[in-house]
$ cat target30.txt   # compact mmCIF, C-alpha atoms and all ligand atoms
# COMPACT_ATOMS: atom_id res chain seq x y z
CA MET A 1 7.50 -18.82 -0.08
CA ALA A 2 10.55 -20.65 1.24
CA VAL A 3 13.87 -18.89 0.80
CA ASN A 4 17.34 -20.32 0.60
CA GLN A 5 19.35 -19.62 3.67
CA GLU A 6 23.15 -19.67 3.70
CA PHE A 7 25.54 -19.45 6.65
CA ASP A 8 24.66 -19.74 10.32
CA PHE A 9 23.98 -17.21 13.09
CA GLU A 10 25.75 -19.23 15.73
CA LYS A 11 28.84 -20.30 13.81
CA ASP A 12 29.32 -17.35 11.43
CA GLY A 13 27.32 -14.58 13.12
CA PHE A 14 25.34 -13.89 9.96
CA ILE A 15 23.01 -15.47 7.44
CA VAL A 16 22.08 -14.72 3.84
CA LEU A 17 18.49 -15.10 2.64
CA ARG A 18 18.27 -15.37 -1.13
CA GLY A 19 15.44 -13.93 -3.22
CA VAL A 20 13.40 -12.22 -0.50
CA PHE A 21 12.29 -9.26 -2.66
CA SER A 22 11.06 -9.46 -6.24
CA GLU A 23 11.77 -7.04 -9.08
CA GLN A 24 8.17 -5.89 -8.66
CA VAL A 25 9.15 -4.41 -5.30
CA LEU A 26 12.70 -3.40 -6.24
CA ALA A 27 12.18 -1.61 -9.56
CA PRO A 28 9.97 1.21 -8.16
CA MET A 29 12.29 1.38 -5.15
CA ARG A 30 15.25 2.21 -7.40
CA VAL A 31 13.29 5.05 -9.02
CA LEU A 32 12.27 6.43 -5.62
CA LEU A 33 15.82 6.17 -4.27
CA ALA A 34 17.40 7.84 -7.30
CA ASP A 35 15.06 10.79 -6.65
CA LEU A 36 15.69 10.83 -2.90
CA ILE A 37 19.46 10.76 -3.41
CA ALA A 38 19.28 13.57 -5.99
CA TYR A 39 17.11 15.61 -3.60
CA ALA A 40 19.52 15.02 -0.70
CA ASP A 41 22.49 15.89 -2.96
CA HIS A 42 20.96 19.32 -3.49
CA ASN A 43 20.57 19.85 0.23
CA TYR A 44 16.95 20.88 -0.28
CA ASP A 45 14.61 21.52 2.66
CA ASP A 46 13.87 18.60 4.91
CA PRO A 47 10.55 18.93 6.77
CA PHE A 48 11.58 16.16 9.18
CA ASP A 49 14.88 17.55 10.37
CA ARG A 50 13.43 18.43 13.78
CA TYR A 51 12.61 14.78 14.34
CA TYR A 52 15.07 12.67 12.41
CA LEU A 53 18.74 12.72 11.64
CA ARG A 54 19.73 14.81 8.64
CA HIS A 55 20.58 12.84 5.52
CA ARG A 56 24.27 12.68 4.70
CA ALA A 57 24.51 12.41 0.93
CA ASP A 58 28.24 13.14 1.22
CA GLN A 59 28.67 9.97 3.32
CA GLY A 60 26.16 7.88 1.38
CA VAL A 61 23.55 7.61 4.16
CA LEU A 62 19.87 8.61 4.13
CA TYR A 63 18.42 8.20 7.61
CA ASP A 64 15.08 7.10 9.03
CA LEU A 65 13.42 6.18 5.75
CA TYR A 66 10.88 3.90 7.47
CA GLN A 67 9.43 6.97 9.16
CA ARG A 68 9.67 9.28 6.14
CA HIS A 69 8.48 7.17 3.18
CA PRO A 70 5.76 4.48 3.33
CA GLU A 71 7.51 2.27 0.75
CA PHE A 72 10.14 1.22 3.30
CA THR A 73 7.77 0.00 5.99
CA GLU A 74 6.82 -3.01 3.90
CA MET A 75 10.46 -3.97 3.39
CA ALA A 76 11.34 -3.56 7.08
CA LYS A 77 8.37 -5.72 8.12
CA ASN A 78 8.98 -8.46 5.56
CA PRO A 79 7.82 -11.72 7.22
CA LEU A 80 10.74 -13.79 5.89
CA ILE A 81 13.19 -11.39 7.53
CA LEU A 82 11.20 -11.27 10.79
CA ASP A 83 10.88 -15.09 10.84
CA ALA A 84 14.67 -15.36 10.60
CA LEU A 85 15.09 -12.74 13.33
CA GLU A 86 12.66 -14.53 15.64
CA VAL A 87 15.17 -17.34 15.99
CA VAL A 88 17.71 -14.98 17.58
CA LEU A 89 15.55 -12.20 19.04
CA GLY A 90 12.39 -13.98 20.15
CA ARG A 91 8.88 -13.15 19.05
CA ASP A 92 8.79 -9.49 20.05
CA ILE A 93 10.88 -7.38 17.72
CA LEU A 94 11.61 -3.67 17.75
CA LEU A 95 13.01 -1.59 14.91
CA TYR A 96 15.98 0.29 16.35
CA GLU A 97 17.42 2.24 13.43
CA ASN A 98 17.13 2.26 9.63
CA SER A 99 18.87 3.90 6.71
CA LEU A 100 19.87 3.64 3.07
CA VAL A 101 23.59 2.99 2.73
CA TYR A 102 25.15 3.51 -0.68
CA LYS A 103 28.44 4.37 -2.33
CA PRO A 104 28.40 7.94 -3.59
CA LYS A 105 30.63 8.31 -6.61
CA GLY A 106 33.78 10.42 -6.44
CA LYS A 107 33.77 10.45 -2.62
CA LYS A 108 35.93 8.61 -0.13
CA ASN A 109 33.48 5.79 0.51
CA GLY A 110 35.40 2.86 2.01
CA VAL A 111 34.33 1.77 5.48
CA PRO A 112 37.03 0.52 7.90
CA PHE A 113 36.52 -2.55 10.10
CA HIS A 114 34.10 -1.91 12.95
CA GLN A 115 31.27 -3.38 15.04
CA ASP A 116 27.93 -1.59 14.82
CA PHE A 117 26.77 0.60 17.74
CA ILE A 118 29.95 -0.15 19.68
CA SER A 119 29.61 3.06 21.69
CA ARG A 120 26.30 1.72 23.06
CA SER A 121 27.59 -1.66 24.10
CA ASP A 122 25.38 -1.82 27.22
CA GLU A 123 22.18 -1.96 25.14
CA PRO A 124 20.42 -5.20 24.08
CA LEU A 125 22.03 -7.09 21.21
CA LYS A 126 21.05 -5.96 17.73
CA PHE A 127 20.87 -7.66 14.36
CA ILE A 128 21.10 -5.76 11.11
CA ALA A 129 19.26 -6.74 7.93
CA TRP A 130 21.06 -5.55 4.82
CA MET A 131 18.57 -5.60 1.93
CA ALA A 132 20.16 -5.48 -1.51
CA ILE A 133 18.25 -3.24 -3.91
CA ASP A 134 21.10 -3.35 -6.46
CA ARG A 135 23.52 -6.18 -7.15
CA VAL A 136 26.29 -6.13 -4.52
CA THR A 137 29.65 -7.35 -5.83
CA LYS A 138 33.10 -7.75 -4.34
CA THR A 139 34.45 -4.76 -6.30
CA GLY A 140 31.18 -2.84 -6.02
CA GLY A 141 31.09 -2.34 -2.25
CA ALA A 142 30.13 -5.73 -0.78
CA LEU A 143 30.16 -5.95 3.00
CA LYS A 144 33.35 -7.75 4.02
CA VAL A 145 32.82 -9.74 7.17
CA ILE A 146 34.99 -11.88 9.41
CA PRO A 147 32.92 -15.01 10.01
CA GLY A 148 32.80 -16.03 13.67
CA SER A 149 34.19 -12.69 14.91
CA HIS A 150 30.99 -12.11 16.92
CA ARG A 151 32.11 -14.77 19.38
CA ASN A 152 34.76 -12.49 20.90
CA GLY A 153 32.20 -9.86 22.00
CA PHE A 154 32.99 -6.18 21.62
CA LEU A 155 36.64 -5.58 20.75
CA PRO A 156 38.88 -2.70 21.80
CA TRP A 157 38.02 0.28 19.65
CA PHE A 158 39.04 3.82 18.91
CA ARG A 159 37.68 6.90 17.23
CA VAL A 160 39.31 8.77 14.37
CA LYS A 161 38.43 12.45 14.53
CA GLY A 162 37.28 14.09 11.33
CA GLU A 163 36.69 10.79 9.50
CA THR A 164 33.16 9.88 8.44
CA HIS A 165 33.23 6.36 9.88
CA HIS A 166 35.02 7.26 13.03
CA ASP A 167 34.45 4.23 15.28
CA ARG A 168 36.90 1.46 14.43
CA VAL A 169 37.95 -1.78 16.05
CA ASP A 170 41.56 -2.62 16.61
CA ALA A 171 41.96 -5.19 13.81
CA SER A 172 45.51 -6.19 14.75
CA GLY A 173 44.41 -9.40 16.51
CA LEU A 174 42.03 -10.48 13.75
CA ASP A 175 42.66 -13.21 11.21
CA LEU A 176 42.21 -11.22 8.02
CA SER A 177 42.69 -14.32 5.87
CA LYS A 178 39.12 -15.22 6.88
CA VAL A 179 37.60 -12.07 5.37
CA HIS A 180 34.55 -12.91 3.25
CA HIS A 181 32.92 -10.48 0.81
CA VAL A 182 29.17 -11.11 0.93
CA GLU A 183 27.99 -10.79 -2.66
CA LEU A 184 24.25 -10.35 -3.12
CA GLU A 185 21.79 -10.36 -5.99
CA PRO A 186 19.05 -7.74 -5.94
CA GLY A 187 16.41 -8.95 -3.46
CA ASP A 188 18.86 -10.95 -1.31
CA VAL A 189 19.17 -10.06 2.38
CA LEU A 190 22.20 -10.39 4.64
CA ILE A 191 21.39 -10.43 8.37
CA PHE A 192 24.30 -9.99 10.76
CA ASN A 193 24.91 -9.84 14.49
CA GLN A 194 26.19 -6.36 15.40
CA LEU A 195 29.27 -8.02 16.94
CA VAL A 196 30.45 -9.35 13.56
CA VAL A 197 33.49 -7.31 12.52
CA HIS A 198 32.78 -5.80 9.11
CA GLY A 199 33.63 -3.01 6.68
CA SER A 200 33.62 -2.40 2.94
CA ASP A 201 36.10 -1.34 0.26
CA GLU A 202 35.97 1.87 -1.70
CA ALA A 203 33.74 1.49 -4.79
CA HIS A 204 32.77 3.69 -7.70
CA THR A 205 30.50 1.50 -9.80
CA GLU A 206 27.59 2.66 -11.96
CA SER A 207 24.94 1.26 -9.59
CA MET A 208 26.02 3.06 -6.34
CA ARG A 209 25.18 -0.21 -4.48
CA LEU A 210 21.84 0.73 -2.98
CA VAL A 211 21.23 -1.17 0.27
CA TYR A 212 18.41 -0.60 2.76
CA ARG A 213 19.62 -1.51 6.25
CA VAL A 214 17.39 -2.00 9.26
CA SER A 215 18.61 -2.74 12.79
CA TYR A 216 16.38 -4.77 15.10
CA GLN A 217 16.47 -5.71 18.74
CA SER A 218 14.30 -7.56 21.22
CA PHE A 219 11.58 -5.94 23.24
CA ASP A 220 13.65 -6.03 26.45
CA GLU A 221 14.73 -2.44 26.58
CA ILE A 222 12.57 0.04 24.75
CA PHE A 223 14.94 2.69 23.63
CA VAL A 224 15.62 3.96 20.11
CA PRO A 225 18.06 6.73 19.26
CA ARG A 226 15.58 9.00 17.44
CA GLY A 227 11.84 9.35 17.03
CA ALA A 228 9.62 6.85 18.78
CA PRO A 229 9.99 3.08 19.28
CA ILE A 230 8.45 0.98 16.51
CA VAL A 231 7.25 -2.56 17.21
CA VAL A 232 7.43 -4.61 14.02
CA ARG A 233 6.35 -7.96 15.47
CA GLY A 234 4.60 -9.11 18.65
CA GLY A 235 4.10 -6.66 21.50
CA GLY A 236 0.73 -8.09 22.59
CA ALA A 237 -0.63 -8.03 26.15
CA ASP A 238 0.94 -11.42 26.91
CA SER A 239 4.33 -10.09 25.74
CA LEU A 240 3.96 -6.99 27.90
CA SER A 241 3.13 -9.07 30.95
CA ARG A 242 6.11 -11.34 30.31
CA ARG A 243 8.41 -8.35 29.88
CA PHE A 244 7.29 -6.79 33.17
CA ASN A 245 7.01 -10.14 34.89
CA LYS A 246 3.38 -9.49 35.81
CA PRO A 247 0.83 -12.27 35.54
CA PHE A 248 -1.66 -11.57 32.81
CA VAL A 249 -5.26 -12.76 33.11
CA PRO A 250 -7.13 -12.44 29.84
CA GLN A 251 -10.52 -10.83 30.36
CA ARG A 252 -12.51 -13.92 29.48
CA LYS A 253 -15.33 -12.98 31.85
CA SER A 254 -16.05 -9.71 30.15
CA LEU A 255 -15.83 -11.41 26.76
CA LEU A 256 -18.49 -13.87 27.95
CA ARG A 257 -20.60 -11.04 29.34
CA ARG A 258 -20.36 -9.17 26.03
CA ALA A 259 -21.37 -12.30 24.11
CA LEU A 260 -24.37 -12.86 26.42
CA ASN A 261 -25.41 -9.23 26.07
CA ARG A 262 -25.24 -9.52 22.30
CA LEU A 263 -27.30 -12.73 22.45
CA GLY A 264 -29.84 -11.05 24.76
CA ARG A 265 -30.17 -8.14 22.32
CA SER A 266 -30.66 -10.37 19.32
CA LEU A 267 -33.21 -12.52 21.20
CA ALA A 268 -35.11 -9.38 22.20
CA SER A 269 -35.31 -8.29 18.59
CA VAL A 270 -37.07 -11.47 17.36
O1 LIG A 301 28.03 1.17 3.56
C1 LIG A 301 28.89 0.35 3.81
O2 LIG A 301 29.59 -0.14 2.94
C2 LIG A 301 29.12 -0.17 5.21
C3 LIG A 301 27.90 -0.10 5.99
C4 LIG A 301 27.99 -0.72 7.33
O3 LIG A 301 28.98 -0.80 7.96
C5 LIG A 301 26.73 -1.16 7.89
O4 LIG A 301 25.70 -1.10 7.20
O5 LIG A 301 26.73 -1.57 9.05
FE FE A 302 28.46 -1.28 10.07

$ encode --input "target30.txt" --output "structure tokens" --more "lines below"
Ligand SMILES: O=C(O)CCC(=O)C(=O)O
Ligand SMILES: [Fe+2]
Amino acid sequence: MAVNQEFDFEKDGFIVLRGVFSEQVLAPMRVLLADLIAYADHNYDDPFDRYYLRHRADQGVLYDLYQRHPEFTEMAKNPLILDALEVVLGRDILLYENSLVYKPKGKKNGVPFHQDFISRSDEPLKFIAWMAIDRVTKTGGALKVIPGSHRNGFLPWFRVKGETHHDRVDASGLDLSKVHHVELEPGDVLIFNQLVVHGSDEAHTESMRLVYRVSYQSFDEIFVPRGAPIVVRGGGADSLSRRFNKPFVPQRKSLLRRALNRLGRSLASV
């Protein structure tokens, strides 16, 4: 299936893929997520809290869903998303971090301008896929991005103690007239370079703006913040040899020997 692509990684720092997920995938997802949010709201026991980050229902984030619930693995490995990522990350792709981000009602839920993972700026570049499970509107918590802001690299930033989204960029030098709210239909996917300056306005709509976000990086440095690294594309022997700069000789001889052995056995049995 071909999808419509809008915007440009190089010029804008992000793209939008329209219609990646169908209602067939999204409808059961909404039911599952409503339950997971209700469970997290009650602060019930979490059997994974030794391994993964605790959910933060107060902040509208449920962490590490790929590892906890099988329904998310299919979304994170969607071939249309990975095809788009291959253009910027190459053919070996690692899942770095994943979470549900939503707008809990009645809570302070605006997100100030920032660049993702800015406190780990020495790590390989990451791209974030933002998968809309609900409709995402300008007044309902759309991501507001500054197109082209990735081209300035990491900006000066500061931390606000006691605030939920504490890492912020100094937005004083930014042209805020360029701000674009990325509106999405359910099933659309926004993919952005972590360097794109972005945030979102406070929202208290009926839908809570359910978005599954997955961060990806290349295979160059295998480090993930929690749990174990997850390869979602590539990672074959040829990729390993390229990564470690070691020549790789496929074991053709043994393949031939195995084939001859098999032939010998079948000849012996006639
Ligand atoms: O939840 C939001 O509105 C903002 C989320 C965000 O900054 C992100 O997903 O990188
Ligand atoms: Fe962000």

$ closest_residue --input "target30.txt" --among "A:Val196, A:Val182, A:Leu85, A:Leu100" --to "ligand FE 302 (chain A)" --atoms "all atoms listed in the file"
A:Val196

$ closest_residue --input "target30.txt" --among "A:Arg135, A:His55, A:His180, A:Lys126" --to "ligand FE 302 (chain A)" --atoms "all atoms listed in the file"
A:Lys126

$ residues_near_ligand --input "target30.txt" --ligand "ligand LIG 301 (chain A)" --cutoff "8 Å" --atoms "all atoms listed in the file" --output "list in words"
Gly60, Val61, Val101, Tyr102, Lys103, Asn109, Gly110, Val111, His114, Gln115, Asp116, Ile128, Trp130, Gly141, Ala142, Leu143, Gln194, His198, Gly199, Ser200, Asp201, Val211 and Arg213 of chain A

$ atom_distance --input "target30.txt" --atom1 "CA of Arg242 in chain A" --atom2 "CA of Val87 in chain A"
18.0 Å

$ closest_residue --input "target30.txt" --among "A:Arg262, A:Arg243, A:His204, A:Arg168" --to "ligand FE 302 (chain A)" --atoms "only C-alpha atoms and all ligand atoms"
A:Arg168

$ residues_near_point --input "target30.txt" --point "(17.3, -4.9, 18.6)" --cutoff "10 Å" --atoms "only C-alpha atoms" --output "number ranges by chain"
A: 85, 89, 92-97, 123-128, 193-194, 214-224

$ closest_residue --input "target30.txt" --among "A:Thr73, A:Asn78, A:Asn245, A:Ser99" --to "ligand FE 302 (chain A)" --atoms "only C-alpha atoms and all ligand atoms"
A:Ser99

$ closest_residue --input "target30.txt" --among "A:Glu185, A:Asp64, A:Asp41, A:Glu86" --to "Phe21 in chain A" --atoms "only C-alpha atoms"
A:Glu185

$ atom_distance --input "target30.txt" --atom1 "CA of Glu71 in chain A" --atom2 "CA of Glu23 in chain A"
14.2 Å

$ residues_around --input "target30.txt" --residues "Met29 in chain A" --least-positions-apart "3" --cutoff "12 Å" --atoms "only C-alpha atoms" --output "PyMOL selection string"
chain A and resi 21-26+32-37+65+69-72+74-75+100+131-134+186-187+210-212

$ closest_residue --input "target30.txt" --among "A:Leu184, A:Leu176, A:Val197, A:Leu155" --to "ligand FE 302 (chain A)" --atoms "all atoms listed in the file"
A:Val197

$ residues_around --input "target30.txt" --residues "Glu183 in chain A" --least-positions-apart "5" --cutoff "7 Å" --atoms "only C-alpha atoms" --output "ChimeraX atom specification"
/A:136-138,142

$ write_last_selection --input "target30.txt" --atoms "C-alpha atoms" --output "mmCIF file, in the coordinates of the input"
data_model
loop_
_atom_site.group_PDB
_atom_site.id
_atom_site.type_symbol
_atom_site.label_atom_id
_atom_site.label_comp_id
_atom_site.auth_asym_id
_atom_site.auth_seq_id
_atom_site.Cartn_x
_atom_site.Cartn_y
_atom_site.Cartn_z
ATOM 1 C CA VAL A 136 26.290 -6.130 -4.520
ATOM 2 C CA THR A 137 29.650 -7.350 -5.830
ATOM 3 C CA LYS A 138 33.100 -7.750 -4.340
ATOM 4 C CA ALA A 142 30.130 -5.730 -0.780
#

$ atom_distance --input "target30.txt" --atom1 "CA of Arg120 in chain A" --atom2 "CA of Pro147 in chain A"
22.2 Å

$ residues_near_point --input "target30.txt" --point "(34.5, 11.7, -0.5)" --cutoff "12 Å" --atoms "all atoms listed in the file" --output "PDB file with C-alpha atoms, in the frame of the given file"
ATOM      1  CA  ARG A  56      24.270  12.680   4.700  1.00  0.00           C
ATOM      2  CA  ALA A  57      24.510  12.410   0.930  1.00  0.00           C
ATOM      3  CA  ASP A  58      28.240  13.140   1.220  1.00  0.00           C
ATOM      4  CA  GLN A  59      28.670   9.970   3.320  1.00  0.00           C
ATOM      5  CA  GLY A  60      26.160   7.880   1.380  1.00  0.00           C
ATOM      6  CA  LYS A 103      28.440   4.370  -2.330  1.00  0.00           C
ATOM      7  CA  PRO A 104      28.400   7.940  -3.590  1.00  0.00           C
ATOM      8  CA  LYS A 105      30.630   8.310  -6.610  1.00  0.00           C
ATOM      9  CA  GLY A 106      33.780  10.420  -6.440  1.00  0.00           C
ATOM     10  CA  LYS A 107      33.770  10.450  -2.620  1.00  0.00           C
ATOM     11  CA  LYS A 108      35.930   8.610  -0.130  1.00  0.00           C
ATOM     12  CA  ASN A 109      33.480   5.790   0.510  1.00  0.00           C
ATOM     13  CA  GLY A 110      35.400   2.860   2.010  1.00  0.00           C
ATOM     14  CA  VAL A 111      34.330   1.770   5.480  1.00  0.00           C
ATOM     15  CA  GLU A 163      36.690  10.790   9.500  1.00  0.00           C
ATOM     16  CA  THR A 164      33.160   9.880   8.440  1.00  0.00           C
ATOM     17  CA  HIS A 165      33.230   6.360   9.880  1.00  0.00           C
ATOM     18  CA  GLU A 202      35.970   1.870  -1.700  1.00  0.00           C
ATOM     19  CA  ALA A 203      33.740   1.490  -4.790  1.00  0.00           C
ATOM     20  CA  HIS A 204      32.770   3.690  -7.700  1.00  0.00           C
TER      21      HIS A 204
END

$ build_atoms --input "target30.txt" --residues "range 113-148 of chain A" --atoms "N, CA and C atoms" --output "PDB file, in the coordinates of the input"
ATOM      1  N   PHE A 113      37.095  -1.507   9.245  1.00  0.00           N
ATOM      2  CA  PHE A 113      36.520  -2.550  10.100  1.00  0.00           C
ATOM      3  C   PHE A 113      35.967  -1.965  11.401  1.00  0.00           C
ATOM      4  N   HIS A 114      34.752  -2.398  11.728  1.00  0.00           N
ATOM      5  CA  HIS A 114      34.100  -1.910  12.950  1.00  0.00           C
ATOM      6  C   HIS A 114      33.037  -2.912  13.393  1.00  0.00           C
ATOM      7  N   GLN A 115      32.457  -2.656  14.564  1.00  0.00           N
ATOM      8  CA  GLN A 115      31.270  -3.380  15.040  1.00  0.00           C
ATOM      9  C   GLN A 115      30.185  -2.327  15.240  1.00  0.00           C
ATOM     10  N   ASP A 116      28.975  -2.618  14.790  1.00  0.00           N
ATOM     11  CA  ASP A 116      27.930  -1.590  14.820  1.00  0.00           C
ATOM     12  C   ASP A 116      27.528  -1.225  16.260  1.00  0.00           C
ATOM     13  N   PHE A 117      27.254   0.065  16.458  1.00  0.00           N
ATOM     14  CA  PHE A 117      26.770   0.600  17.740  1.00  0.00           C
ATOM     15  C   PHE A 117      27.707   0.272  18.910  1.00  0.00           C
ATOM     16  N   ILE A 118      29.002   0.265  18.639  1.00  0.00           N
ATOM     17  CA  ILE A 118      29.950  -0.150  19.680  1.00  0.00           C
ATOM     18  C   ILE A 118      29.966   0.833  20.849  1.00  0.00           C
ATOM     19  N   SER A 119      29.597   2.088  20.590  1.00  0.00           N
ATOM     20  CA  SER A 119      29.610   3.060  21.690  1.00  0.00           C
ATOM     21  C   SER A 119      28.383   2.894  22.594  1.00  0.00           C
ATOM     22  N   ARG A 120      27.474   1.983  22.209  1.00  0.00           N
ATOM     23  CA  ARG A 120      26.300   1.720  23.060  1.00  0.00           C
ATOM     24  C   ARG A 120      26.280   0.233  23.440  1.00  0.00           C
ATOM     25  N   SER A 121      27.416  -0.225  23.902  1.00  0.00           N
ATOM     26  CA  SER A 121      27.590  -1.660  24.100  1.00  0.00           C
ATOM     27  C   SER A 121      26.776  -2.206  25.274  1.00  0.00           C
ATOM     28  N   ASP A 122      26.184  -1.329  26.088  1.00  0.00           N
ATOM     29  CA  ASP A 122      25.380  -1.820  27.220  1.00  0.00           C
ATOM     30  C   ASP A 122      23.922  -2.072  26.818  1.00  0.00           C
ATOM     31  N   GLU A 123      23.574  -1.758  25.586  1.00  0.00           N
ATOM     32  CA  GLU A 123      22.180  -1.960  25.140  1.00  0.00           C
ATOM     33  C   GLU A 123      21.965  -3.415  24.691  1.00  0.00           C
ATOM     34  N   PRO A 124      20.673  -3.833  24.562  1.00  0.00           N
ATOM     35  CA  PRO A 124      20.420  -5.200  24.080  1.00  0.00           C
ATOM     36  C   PRO A 124      21.044  -5.434  22.703  1.00  0.00           C
ATOM     37  N   LEU A 125      21.390  -6.693  22.471  1.00  0.00           N
ATOM     38  CA  LEU A 125      22.030  -7.090  21.210  1.00  0.00           C
ATOM     39  C   LEU A 125      21.151  -6.754  20.001  1.00  0.00           C
ATOM     40  N   LYS A 126      21.789  -6.307  18.950  1.00  0.00           N
ATOM     41  CA  LYS A 126      21.050  -5.960  17.730  1.00  0.00           C
ATOM     42  C   LYS A 126      21.503  -6.799  16.545  1.00  0.00           C
ATOM     43  N   PHE A 127      20.566  -7.000  15.634  1.00  0.00           N
ATOM     44  CA  PHE A 127      20.870  -7.660  14.360  1.00  0.00           C
ATOM     45  C   PHE A 127      20.496  -6.705  13.242  1.00  0.00           C
ATOM     46  N   ILE A 128      21.301  -6.723  12.200  1.00  0.00           N
ATOM     47  CA  ILE A 128      21.100  -5.760  11.110  1.00  0.00           C
ATOM     48  C   ILE A 128      20.760  -6.523   9.828  1.00  0.00           C
ATOM     49  N   ALA A 129      19.622  -6.155   9.222  1.00  0.00           N
ATOM     50  CA  ALA A 129      19.260  -6.740   7.930  1.00  0.00           C
ATOM     51  C   ALA A 129      19.710  -5.788   6.835  1.00  0.00           C
ATOM     52  N   TRP A 130      20.454  -6.326   5.909  1.00  0.00           N
ATOM     53  CA  TRP A 130      21.060  -5.550   4.820  1.00  0.00           C
ATOM     54  C   TRP A 130      20.370  -5.991   3.533  1.00  0.00           C
ATOM     55  N   MET A 131      19.439  -5.198   3.038  1.00  0.00           N
ATOM     56  CA  MET A 131      18.570  -5.600   1.930  1.00  0.00           C
ATOM     57  C   MET A 131      19.095  -5.030   0.617  1.00  0.00           C
ATOM     58  N   ALA A 132      19.523  -5.929  -0.269  1.00  0.00           N
ATOM     59  CA  ALA A 132      20.160  -5.480  -1.510  1.00  0.00           C
ATOM     60  C   ALA A 132      19.098  -5.031  -2.516  1.00  0.00           C
ATOM     61  N   ILE A 133      19.169  -3.764  -2.896  1.00  0.00           N
ATOM     62  CA  ILE A 133      18.250  -3.240  -3.910  1.00  0.00           C
ATOM     63  C   ILE A 133      18.936  -3.327  -5.276  1.00  0.00           C
ATOM     64  N   ASP A 134      20.253  -3.116  -5.277  1.00  0.00           N
ATOM     65  CA  ASP A 134      21.100  -3.350  -6.460  1.00  0.00           C
ATOM     66  C   ASP A 134      21.892  -4.637  -6.247  1.00  0.00           C
ATOM     67  N   ARG A 135      22.558  -5.072  -7.312  1.00  0.00           N
ATOM     68  CA  ARG A 135      23.520  -6.180  -7.150  1.00  0.00           C
ATOM     69  C   ARG A 135      24.687  -5.661  -6.301  1.00  0.00           C
ATOM     70  N   VAL A 136      25.176  -6.509  -5.391  1.00  0.00           N
ATOM     71  CA  VAL A 136      26.290  -6.130  -4.520  1.00  0.00           C
ATOM     72  C   VAL A 136      27.460  -7.070  -4.806  1.00  0.00           C
ATOM     73  N   THR A 137      28.512  -6.515  -5.412  1.00  0.00           N
ATOM     74  CA  THR A 137      29.650  -7.350  -5.830  1.00  0.00           C
ATOM     75  C   THR A 137      30.885  -7.038  -4.989  1.00  0.00           C
ATOM     76  N   LYS A 138      31.863  -7.916  -5.104  1.00  0.00           N
ATOM     77  CA  LYS A 138      33.100  -7.750  -4.340  1.00  0.00           C
ATOM     78  C   LYS A 138      33.771  -6.406  -4.652  1.00  0.00           C
ATOM     79  N   THR A 139      33.801  -6.035  -5.931  1.00  0.00           N
ATOM     80  CA  THR A 139      34.450  -4.760  -6.300  1.00  0.00           C
ATOM     81  C   THR A 139      33.467  -3.591  -6.223  1.00  0.00           C
ATOM     82  N   GLY A 140      32.193  -3.900  -6.030  1.00  0.00           N
ATOM     83  CA  GLY A 140      31.180  -2.840  -6.020  1.00  0.00           C
ATOM     84  C   GLY A 140      30.672  -2.523  -4.641  1.00  0.00           C
ATOM     85  N   GLY A 141      31.469  -2.800  -3.594  1.00  0.00           N
ATOM     86  CA  GLY A 141      31.090  -2.340  -2.250  1.00  0.00           C
ATOM     87  C   GLY A 141      30.428  -3.382  -1.373  1.00  0.00           C
ATOM     88  N   ALA A 142      30.706  -4.671  -1.641  1.00  0.00           N
ATOM     89  CA  ALA A 142      30.130  -5.730  -0.780  1.00  0.00           C
ATOM     90  C   ALA A 142      30.586  -5.536   0.667  1.00  0.00           C
ATOM     91  N   LEU A 143      29.741  -5.966   1.601  1.00  0.00           N
ATOM     92  CA  LEU A 143      30.160  -5.950   3.000  1.00  0.00           C
ATOM     93  C   LEU A 143      31.211  -7.047   3.157  1.00  0.00           C
ATOM     94  N   LYS A 144      32.359  -6.708   3.741  1.00  0.00           N
ATOM     95  CA  LYS A 144      33.350  -7.750   4.020  1.00  0.00           C
ATOM     96  C   LYS A 144      33.282  -8.058   5.498  1.00  0.00           C
ATOM     97  N   VAL A 145      33.041  -9.324   5.782  1.00  0.00           N
ATOM     98  CA  VAL A 145      32.820  -9.740   7.170  1.00  0.00           C
ATOM     99  C   VAL A 145      33.893 -10.739   7.589  1.00  0.00           C
ATOM    100  N   ILE A 146      34.110 -10.827   8.891  1.00  0.00           N
ATOM    101  CA  ILE A 146      34.990 -11.880   9.410  1.00  0.00           C
ATOM    102  C   ILE A 146      34.094 -12.888  10.115  1.00  0.00           C
ATOM    103  N   PRO A 147      33.838 -14.028   9.430  1.00  0.00           N
ATOM    104  CA  PRO A 147      32.920 -15.010  10.010  1.00  0.00           C
ATOM    105  C   PRO A 147      33.394 -15.455  11.395  1.00  0.00           C
ATOM    106  N   GLY A 148      32.471 -15.549  12.328  1.00  0.00           N
ATOM    107  CA  GLY A 148      32.800 -16.030  13.670  1.00  0.00           C
ATOM    108  C   GLY A 148      33.334 -14.945  14.601  1.00  0.00           C
TER     109      GLY A 148
END
